[in-house]
Structures are given as C-alpha cells and as structure tokens.
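A.B. asks: Let me give you the structure first, and then I'll get to my questions.
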Amino acid sequence: MASPANPFSDPLRFERRVPECAIVIFGANGDLTKRKLLPALYRLAHDRRLPESFAIIGNSRTAMTDDAFRERMRESVQKFSEDTEFDAELWDRFSRNLHYIAGDLQDAALYAKLAAKIAETNQRNALFYLSTQPSYYAPVVSHLGAAGLNHSTDGWRRIIVEKPFGHDLSSALALNAHLQSVFPERETYRIDHYLGKETVQNIFGFRFGNGIFEPLWNRRYINQIQITAAEEIGVEGRGEYYQEAGALRDMIQNHLLQVMATIAMEPSAVFESDAVRDERAKLLRSIRIMKPEDVQRNAVAGQYKGFREEKGVRPDAQTDTYAAATFYVDNWRWAGVPFFIRSGKKLPKRVTDIAIQFKAAPLALFGSASGESSRPNLLILRIQPEEGISLRFLSKEPGDGMRLRPVSMDFNYGTSFGERSPSAYETLLMDAMQGDATLYTRQDMVEASWRVIQPILEDWGNRKFTFPNYEQGSWGPAEADAMLGKLGLKWRSS
Ligand code: BG6
C-alpha cells in the first residue's frame with residue numbers, strides 16, 4: 001500500500017498487532033456479540049491488526065453450522081459497523097477464521113470440544129469471553145478449570161468477564177473468589193467499556209500530560225464536580241435484565257464510578273497497568289461510605305412513566321431507571337468537594353459529560369457577586385456524543401464599561417483530529433489480547449465500588465417508592481434537584 005499523505009491517518013501508526021490466538025465467545029448468539037464484539041474484531045481485521053492466523057470460536061445453545069454462524073455475523077457486521085465500509089473480500093478472508101460450536105454451558109462435553117477446536121486451529125493462546133447470562137459465569141469458569149483450559153504450558157489463557165460483575169457486594173466477592181481459584185488475577189480481565197472510550201482515556205492525557213491543570217485539580221480551586229450519563233433510550237427489549245439491575249447497578253457502580261476514579265485519582269509514577277490501577281483503586285477506597293441515615297439525603301431513585309408497561313417488566317417493579325448520588329472523597333486532595341453523579345433512561349438526550357466547576361474569583365471587582373458576570377469557571381469534558389473539551393471563562397463585553405460575560409473555548413475531537421476513533425471494544429479486545437490490563441478493572445476496584453453503593457442498595461431494597469416519578473423526556477425526578485438545592489446548587493444543563 002502506498003504510504004498515506006497524512007501519517008496520522010495511517011491505521012498502523014501505533015504498530016499494535018494482536019498476537020496469534022483463539023477467541024472463544026460464550027454467548028455468541030447474544031446482542032453484545034452482534035452489536036459490539038464482531039464489529040470490533042472485523043474493524044481490527046480491516047485495520048490489519050489481526051494476524052494471519054487467528055480463530056474466533058462462537059458458542060451458544062442454538063444448533064448452527066459454521067456457515068450459518070458466519071452468515072449471521074456478516075449481517076451483524078454490516079448492520080452495526082456504522083463507520084466502516086463493508087468490504088466483501090476482506091469479509092471472506094476474515095470469516096474463514098470463524099467457527100461455531102453449539103453446546104450447553106453446563107455440559108462438560110462442550111469444553112472437550114472447545115479444547116479440540118482450539119488445538120485444531122493450531123492456536124497456542126486462548127482468550128475466553130464471558131458474554132452469557134451472568135448466572136452462567138461461575139459454572140463456565142468451573143468447567144474451564146475442570147477441562148484444563150485455564151492453563152497451558154506453551155501459551156497464555158485469559159478470560160474477559162462482561163458486566164454485571166455481581167449483583168451486590170457479596171455476590172461480587174463470591175465471583176471474584178471463584179474466578180481467582182481458576183484463573184490467576186493477571187489473566188482475568190473485567191471489562192468496563194467506558195474505560196475503553198477514547199474520551200475517558202483522554203482524561204489521563206488531559207490531566208497528566210498538561211502542566212497547567214494539575215495544580216488546580218484539588219479542593220482549593222474546585223467547588224464541585226458533576227458527572228452525567230443521560231440516555232434518551234429506554235430499556236430496549238432488556239426489560240427482564242434491567243428490572244433486576246436498575247440504573248445504580250447498571251451505570252453508576254461500574255462506568256461512572258470508574259470515570260470518577262479517573263478524574264480524581266492521583267497521578268501514577270509510571271503509566272503501567274498495575275501502577276495506574278493502584279491509584280484508581282486507592283481513589284475508590286477513599287470514597288466515603290454512606291451511613292444508613294445519610295442515604296436518603298445523598299441518593300435519589302427515579303422511574304420513568306411507562307417503564308412498568310415495558311416488555312418483561314413487572315407491573316409493580318421498584319426498579320430505578322434513574323439514579324443520582326452525592327459522593328465525597330475523604331482524602332487531602334478532595335475533602336469537602338461534592339461529586340454529583342446521575343444517570344437515567346428516557347431523559348431528553350444522549351449525553352455523557354463531566355463538569356468541573358471551579359471556585360469563583362475571590363472578589364467581584366466587576367459588578368455584582370451574582371448573575372452572569374460572576375459565573376465561575378467551568379471545565380467540561382464531553383465524553384459523548386460531541387466528544388471534546390470546553391472551558392468557560394468570563395470575558396469583557398465589547399463597548400463601554402467593564403461588563404463581563406461567560407464565553408467558551410472549545411476543543412472538538414472531530415474537527416481537531418479529523419479521523420475516526422476506535423470503538424471501546426476494539427481498544428479493549430486488543431488490550432486483552434496483548435496482555436495490557438490498564439483499562440480493565442481489578443478485583444479490589446470492583447469490590448471497592450460495590451462497597452460504595454451497597455448502603456444505597458440496602459436502603460432502596462427496604463423502601464417502597466412512589467413510582468413512576470418522572471416524565472419521559474424530562475431530566476428526572478424533582479428529588480434530584482432538591483438534593484443539590486439543599487446545598488444551594490443546581491444540576492448543570494448538559
Ligand atoms: C451498558 C448498560 O453497560 O451501557 C446499558 O448496560 C447502557 O444500559 C450502556 O445503555 C450505555 O453505554 P454507552 O456506551 O452507549 O454510553
């Protein structure tokens with residue numbers, strides 16, 4: 001291929017290639033495989049990151065030939081690879097490496113077939129991807145161990161575990177203990193796809209690559225931090241799963257606490273997997289655990305009107321389709337700074353962002369201490385969909401006198417780099433195959449974040465909410481505004 005005019009648009013510029021391996025996907029007939037995993041693997045093939053020799057082995061209960069599986073996956077890749085043109089020739093080459101084995105996850109014979117298939121494809125390394133119903137995680141891990149698929153003398157064996165990782169603290173502890181009895185921690189990859197998003201990775205770059213923000217990144221200069229993950233969609237056919245999970249478990253326990261940890265952690269001495277994860281874990285352990293009597297003041301549950309009529313949802317479901325909480329970090333950097341986190345479905349739009357509000361200037365030299373001319377500086381990290389960063393500051397209005405008005409300085413990924421960002425799953429799959437766990441969560445991190453939300457889960461489990469309490473297309477229940485109102489604050493309009 002001729003070298004591209006712009007070296008930055010060369011997909012091989014980082015020279016990251018996947019080593020030869022077999023990827024075994026449990027739950028290959030599920031939504032995640034269709035929407036995310038196969039499109040990500042196909043994109044890696046498109047970018048020439050995959051080696052000549054690799055194998056993808058799908059498993060589910062449905063009987064299917066290799067060819068039928070390939071056909072299904074082709075349809076999914078065509079449908080869900082929005083930003084990659086479908087190349088029939090490439091697909092032919094890629095799909096020759098797709099295999100399928102039907103079988104019951106509880107049946108030992110399945111694992112013997114898998115072992116034979118891995119051998120037949122001549123792969124020394126194997127990555128198992130658990131994308132089944134969570135209740136199968138423990139039995140699959142046991143069977144992998146019993147079949148000797150958890151170790152090899154001439155290659156590696158790794159496992160990726162999809163979320164949800166447990167349903168509460170005790171189930172997460174039990175799952176961790178079970179996993180660790182079969183796979184060593186260094187070969188265990190707990191996925192949190194938010195950490196794979198370019199914009200979340202860029203929090204490291206922004207904070208630790210620039211000299212000017214870090215000195216301000218503390219309680220002396222920062223007043224409050226708001227993290228919002230709003231979705232316009234509802235439960236989209238996942239009613240059965242979602243009514244047991246709810247927004248607090250589905251989004252806050254994992255994605256948003258990881259984002260918060262990335263925003264608030266200390267810099268690590270080196271950018272290496274365990275060094276970075278040590279700092280994120282330390283931060284998660286510093287989040288104040290709410291006392292039972294504090295939960296009602298610091299956490300709000302909501303449910304949209306119409307949720308109980310969704311398919312698979314009980315008519316009296318107490319599920320939170322919206323959750324908001326105020327967290328404090330008890331360390332020297334953050335003591336006293338509130339972190340407000342909210343996430344919900346059926347909100348006015350899809351937006352995930354982090355708003356860091358700085359303290360106002362100590363003196364109102366140019367007018368009143370309230371109103372437009374006194375608005376504090378605000379830094380917004382836009383995770384999605386309009387990926388970028390903006391900084392709001394006050395500027396003099398043209399004309400007579402000294403009237404100030406907030407203005408904004410914007411960085412936008414699309415226009416600055418003008419190229420496609422890899423999807424979170426591309427990044428994370430490649431990382432796991434390369435043995436880099438920096439963007440994966442570790443046992444202690446998962447447990448620490450369950451500890452943070454456990455008191456809320458317990459309180460909510462014992463209450464009977466008057467649901468529904470918010471309209472579809474609104475910004476959630478009034479109680480969420482009241483939670484900030486009591487502190488004299490407001491949610492920023494995202
Ligand atoms: C998943 C949740 O982990 O994240 C979903 O289970 C949610 O309920 C999704 O819709 C949001 O991810 P993203 O990448 O679209 O923000």
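To be explicit about the labels: the chains of the structure tokens are called A, B, and onward in the order shown, and within each one the residues are counted from 1, while ligands get numbers from 1 in the order they are shown.
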Would you write out, as a tab-separated table, a table of all residues in range 397-485 of chain A that have an atom no more than 12 Å from an atom of range 334-343 of chain A, listing for each the closest atom pair and the distance in Å to one decimal, considering only C-alpha atoms and ordering rows by chain and rising residue number?

C.D. replies:
residue	atom	partner	partner_atom	distance
A:Trp475	CA	A:Ser343	CA	9.8
A:Gly476	CA	A:Ser343	CA	9.1
A:Pro477	CA	A:Arg342	CA	11.2
A:Ala480	CA	A:Arg342	CA	8.6
A:Asp481	CA	A:Arg342	CA	10.9
A:Met483	CA	A:Phe340	CA	9.5
A:Leu484	CA	A:Phe340	CA	8.4

A.B. asks: Report the residues of range 221-404 of chain A whose backbone DSSP state falls under strand (DSSP E or B), written as a ChimeraX atom specification.

C.D. replies: /A:222-230,287,299-302,304,322-329,338-344,351-358,378-384,388-396,404

A.B. asks: Store the residues picked out above, limited to C-alpha atoms, as a short mmCIF file (atom, residue, chain, number, x, y, z; two decimals), in the first residue's frame.

C.D. replies:
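Produced file out-v7.cif, reproduced below:
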data_model
loop_
_atom_site.label_atom_id
_atom_site.label_comp_id
_atom_site.auth_asym_id
_atom_site.auth_seq_id
_atom_site.Cartn_x
_atom_site.Cartn_y
_atom_site.Cartn_z
CA ILE A 222 -12.58 23.18 42.63
CA ASN A 223 -16.03 23.70 44.08
CA GLN A 224 -17.94 20.69 42.79
CA ILE A 225 -17.87 18.04 40.08
CA GLN A 226 -20.92 16.74 38.22
CA ILE A 227 -20.88 13.55 36.18
CA THR A 228 -23.90 12.98 33.95
CA ALA A 229 -24.72 9.98 31.78
CA ALA A 230 -28.10 10.59 30.21
CA ILE A 287 -14.97 7.46 48.61
CA ALA A 299 -29.15 9.43 46.85
CA VAL A 300 -32.23 9.68 44.67
CA ALA A 301 -34.06 6.98 42.73
CA GLY A 302 -36.41 7.63 39.83
CA TYR A 304 -39.95 6.95 34.18
CA TYR A 322 -32.75 7.00 37.10
CA ALA A 323 -30.25 7.26 39.93
CA ALA A 324 -28.35 10.18 41.36
CA ALA A 325 -25.97 10.37 44.28
CA THR A 326 -23.65 12.75 46.07
CA PHE A 327 -20.27 11.29 46.94
CA TYR A 328 -17.38 12.70 48.92
CA VAL A 329 -13.78 11.62 48.70
CA PRO A 338 -19.08 17.06 46.36
CA PHE A 339 -19.13 14.74 43.36
CA PHE A 340 -22.67 14.60 41.99
CA ILE A 341 -23.37 11.64 39.74
CA ARG A 342 -26.55 10.98 37.80
CA SER A 343 -27.68 8.58 35.14
CA GLY A 344 -31.04 7.77 33.69
CA VAL A 351 -25.10 12.91 26.66
CA THR A 352 -22.27 11.91 28.94
CA ASP A 353 -20.10 14.62 30.37
CA ILE A 354 -18.10 15.72 33.37
CA ALA A 355 -18.43 19.29 34.56
CA ILE A 356 -15.73 20.60 36.84
CA GLN A 357 -16.77 23.81 38.46
CA PHE A 358 -14.03 25.98 39.86
CA LEU A 378 -16.31 25.61 34.24
CA LEU A 379 -14.38 22.88 32.52
CA ILE A 380 -16.47 20.34 30.65
CA LEU A 381 -15.09 17.04 29.44
CA ARG A 382 -17.60 15.80 26.88
CA ILE A 383 -17.38 12.02 26.77
CA GLN A 384 -20.12 11.60 24.14
CA GLY A 388 -14.42 17.31 23.21
CA ILE A 389 -13.48 19.66 26.00
CA SER A 390 -14.60 23.19 26.70
CA LEU A 391 -13.56 25.78 29.19
CA ARG A 392 -15.87 28.57 30.22
CA PHE A 393 -14.44 31.82 31.46
CA LEU A 394 -15.54 35.43 31.76
CA SER A 395 -14.68 37.98 29.14
CA LYS A 396 -15.28 41.68 28.77
CA LEU A 404 -18.28 40.56 31.84
#

A.B. asks: In Å, rounded to a single decimal, give me how far CA of Ala177 in chain A is from CA of Leu144 in chain A.

C.D. replies: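 Result for CA of Leu144 in chain A versus CA of Ala177 in chain A: 15.4 Å, one decimal.
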
A.B. asks: All residues within 10 Å of ligand 1 are required, counting only C-alpha atoms and all ligand atoms; please report them as a ChimeraX atom specification.

C.D. replies: /A:162-164,191-194,196-197,229-236,238,241-242,245-247,249-252,254-255,321,343-345,350-352,383-385,423-425

A.B. asks: Save out the residues we just selected, N, CA and C atoms, as a compact mmCIF listing (two decimals), in the first residue's frame.

C.D. replies:
# COMPACT_ATOMS: atom_id res chain seq x y z
N GLU A 162 -17.70 -10.02 31.23
CA GLU A 162 -18.56 -8.86 30.95
C GLU A 162 -19.25 -8.40 32.23
N LYS A 163 -19.74 -7.20 32.21
CA LYS A 163 -20.59 -6.77 33.31
C LYS A 163 -21.99 -7.35 33.14
N PRO A 164 -22.82 -7.46 34.13
CA PRO A 164 -22.56 -7.03 35.50
C PRO A 164 -21.66 -8.01 36.25
N ILE A 191 -14.29 -6.36 32.24
CA ILE A 191 -14.43 -5.27 31.27
C ILE A 191 -15.38 -4.20 31.78
N ASP A 192 -15.02 -2.95 31.53
CA ASP A 192 -15.91 -1.82 31.76
C ASP A 192 -15.73 -0.96 30.53
N HIS A 193 -16.67 -1.03 29.60
CA HIS A 193 -16.38 -0.45 28.28
C HIS A 193 -16.18 1.06 28.33
N TYR A 194 -16.64 1.72 29.42
CA TYR A 194 -16.40 3.16 29.50
C TYR A 194 -14.91 3.48 29.54
N GLY A 196 -12.68 2.07 27.99
CA GLY A 196 -12.09 1.94 26.65
C GLY A 196 -12.43 3.11 25.74
N LYS A 197 -13.36 3.95 26.15
CA LYS A 197 -13.73 5.08 25.29
C LYS A 197 -12.54 6.04 25.18
N ALA A 229 -24.61 10.91 32.92
CA ALA A 229 -24.72 9.98 31.78
C ALA A 229 -26.20 9.83 31.49
N ALA A 230 -26.68 10.60 30.53
CA ALA A 230 -28.10 10.59 30.21
C ALA A 230 -28.32 9.79 28.94
N GLU A 231 -29.42 9.07 28.92
CA GLU A 231 -29.77 8.32 27.71
C GLU A 231 -31.19 8.67 27.31
N GLU A 232 -31.38 8.77 26.01
CA GLU A 232 -32.71 9.06 25.50
C GLU A 232 -33.52 7.76 25.42
N ILE A 233 -32.80 6.67 25.18
CA ILE A 233 -33.48 5.38 25.01
C ILE A 233 -34.02 4.87 26.34
N GLY A 234 -34.94 3.91 26.24
CA GLY A 234 -35.44 3.23 27.43
C GLY A 234 -34.71 1.92 27.61
N VAL A 235 -35.43 0.85 27.91
CA VAL A 235 -34.72 -0.40 28.19
C VAL A 235 -34.57 -1.29 26.95
N GLU A 236 -35.15 -0.88 25.83
CA GLU A 236 -34.88 -1.52 24.53
C GLU A 236 -34.92 -3.04 24.56
N ARG A 238 -34.63 -5.00 26.94
CA ARG A 238 -33.86 -5.67 28.00
C ARG A 238 -34.58 -5.58 29.34
N TYR A 241 -33.75 -8.14 32.25
CA TYR A 241 -32.47 -7.89 32.92
C TYR A 241 -32.55 -6.59 33.73
N TYR A 242 -33.07 -5.56 33.09
CA TYR A 242 -32.97 -4.23 33.66
C TYR A 242 -33.80 -4.08 34.93
N ALA A 245 -31.68 -5.00 37.62
CA ALA A 245 -30.44 -4.22 37.77
C ALA A 245 -30.76 -2.80 38.24
N GLY A 246 -31.37 -2.00 37.37
CA GLY A 246 -31.62 -0.60 37.71
C GLY A 246 -30.40 0.25 37.40
N ALA A 247 -30.62 1.56 37.37
CA ALA A 247 -29.57 2.48 36.92
C ALA A 247 -28.35 2.51 37.84
N ARG A 249 -26.98 0.10 39.63
CA ARG A 249 -26.10 -1.04 39.32
C ARG A 249 -25.59 -0.98 37.87
N ASP A 250 -26.49 -0.62 36.96
CA ASP A 250 -26.19 -0.74 35.54
C ASP A 250 -25.16 0.30 35.08
N MET A 251 -25.18 1.47 35.66
CA MET A 251 -24.31 2.56 35.18
C MET A 251 -23.38 3.12 36.25
N ILE A 252 -23.89 3.29 37.48
CA ILE A 252 -23.08 4.02 38.47
C ILE A 252 -22.03 3.13 39.12
N ASN A 254 -20.40 0.76 38.12
CA ASN A 254 -19.26 0.43 37.27
C ASN A 254 -18.78 1.65 36.50
N HIS A 255 -19.50 1.99 35.40
CA HIS A 255 -19.00 3.01 34.47
C HIS A 255 -18.70 4.34 35.16
N THR A 321 -34.88 3.60 37.15
CA THR A 321 -34.39 3.83 35.78
C THR A 321 -33.59 5.14 35.76
N SER A 343 -27.52 9.32 36.38
CA SER A 343 -27.68 8.58 35.14
C SER A 343 -29.13 8.14 35.03
N GLY A 344 -29.66 8.19 33.83
CA GLY A 344 -31.04 7.77 33.69
C GLY A 344 -31.40 7.46 32.25
N LYS A 345 -32.49 6.74 32.12
CA LYS A 345 -33.04 6.42 30.80
C LYS A 345 -34.25 7.30 30.55
N ARG A 350 -29.13 12.04 24.63
CA ARG A 350 -27.99 11.19 24.99
C ARG A 350 -26.78 12.09 25.20
N VAL A 351 -26.30 12.11 26.40
CA VAL A 351 -25.10 12.91 26.66
C VAL A 351 -24.38 12.38 27.90
N THR A 352 -23.08 12.25 27.78
CA THR A 352 -22.27 11.91 28.94
C THR A 352 -21.20 12.97 29.06
N ILE A 383 -17.75 13.41 27.08
CA ILE A 383 -17.38 12.02 26.77
C ILE A 383 -18.08 11.56 25.49
N GLN A 384 -19.35 11.93 25.34
CA GLN A 384 -20.12 11.60 24.14
C GLN A 384 -21.43 12.34 24.16
N PRO A 385 -22.09 12.60 23.04
CA PRO A 385 -21.64 12.23 21.70
C PRO A 385 -20.74 13.29 21.06
N SER A 423 -13.55 2.12 18.50
CA SER A 423 -14.60 1.90 19.50
C SER A 423 -13.96 1.34 20.76
N ALA A 424 -14.70 1.47 21.86
CA ALA A 424 -14.18 0.99 23.15
C ALA A 424 -13.84 -0.50 23.06
N TYR A 425 -14.69 -1.27 22.37
CA TYR A 425 -14.44 -2.71 22.31
C TYR A 425 -13.21 -3.04 21.46

A.B. asks: Using only C-alpha atoms, can you tell me which of A:Arg158, A:Arg43, A:Lys464, A:Lys117 comes closest to Gly145 in chain A?

C.D. replies: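 Under the stated criterion, the closest residue is A:Arg158.
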
A.B. asks: State, in Å with one decimal place, the distance from CA of Glu75 in chain A to CA of Gly58 in chain A.

C.D. replies: 15.5 Å

A.B. asks: Which residues are close to Tyr100 in chain A, i.e. within 10 Å by only C-alpha atoms, leaving aside same-chain residues fewer than 5 positions away? Reply as a VMD selection string.

C.D. replies: chain A and resid 24 to 25 28 56 to 60 63 to 70 114 117

A.B. asks: Okay, now the selection with C-alpha atoms, as a compact mmCIF listing (two decimals), in the first residue's frame?

C.D. replies:
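So again.txt came out as:
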# COMPACT_ATOMS: atom_id res chain seq x y z
CA VAL A 24 -13.81 -18.16 22.40
CA ILE A 25 -17.06 -16.25 22.80
CA ALA A 28 -22.21 -15.84 20.64
CA ILE A 56 -12.91 -16.89 16.68
CA ILE A 57 -14.97 -19.69 18.14
CA GLY A 58 -18.56 -18.86 18.97
CA ASN A 59 -20.69 -20.86 21.35
CA SER A 60 -24.33 -20.82 22.30
CA ALA A 63 -27.59 -25.53 16.74
CA MET A 64 -25.86 -23.89 13.78
CA THR A 65 -23.22 -24.77 11.22
CA ASP A 66 -20.05 -22.73 10.85
CA ASP A 67 -21.50 -21.32 7.66
CA ALA A 68 -24.78 -20.31 9.27
CA PHE A 69 -22.83 -18.60 12.06
CA ARG A 70 -20.66 -16.76 9.52
CA LEU A 114 -13.66 -26.47 22.64
CA LYS A 117 -11.21 -26.97 18.34

A.B. asks: Going by DSSP on the backbone, which residues of range 48-202 of chain A come out as helix (DSSP H, G or I)? List them as a ChimeraX atom specification.

C.D. replies: /A:66-80,88-95,108-120,134-146,169-182,185-187,193-196,198-202

A.B. asks: Would you mind listing what lies within 6 Å of Ile160 in chain A as an MDAnalysis selection string, with only C-alpha atoms counted and same-chain residues fewer than 4 positions away left out?

C.D. replies: chainID A and resid 129 189:190

A.B. asks: Considering only C-alpha atoms, state which residue in the set A:Lys291, A:Thr438, A:Ala112, A:Glu387 is at the smallest distance from Phe411 in chain A.

C.D. replies: A:Glu387

A.B. asks: Residues at most 9 Å from Thr121 in chain A, counting only C-alpha atoms, excluding those fewer than 4 positions away in the same chain, as a list in words?

C.D. replies: Ala22, Ser53, Phe54, Ala55, Asn97, Ala116 and Lys117 of chain A

A.B. asks: Show me, as a PyMOL selection string, the residues that have an atom within 9 Å of Phe80 in chain A when counting only C-alpha atoms, minus same-chain residues fewer than 6 positions from it.

C.D. replies: chain A and resi 34-36+39

A.B. asks: For CA of Gly312 in chain A and CA of Gln243 in chain A, determine how far apart the two atoms are, in Å to one decimal place.

C.D. replies: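 One can read the CA of Gly312 in chain A to CA of Gln243 in chain A distance as 8.3 Å.
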
A.B. asks: With only C-alpha atoms as the counted atoms, please give the residues lying no more than 7 Å from Arg157 in chain A, apart from itself and same-chain residues fewer than 5 positions off, as a PyMOL selection string.

C.D. replies: chain A and resi 125-127+150-152+187

A.B. asks: Measuring atom to atom with only C-alpha atoms, identify which of A:Ala88, A:Val161, A:Leu98, A:Leu173 is nearest to Arg72 in chain A.

C.D. replies: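 Ranking A:Ala88, A:Val161, A:Leu98, A:Leu173 by distance to Arg72 in chain A, first place goes to A:Leu98.
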
A.B. asks: Looking at A:Ser408, A:Gly30, A:Arg442, A:Pro348, which one is nearest to Asn377 in chain A, with distances taken over only C-alpha atoms?

C.D. replies: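 Once distances to Asn377 in chain A are computed over only C-alpha atoms, the minimum belongs to A:Ser408.
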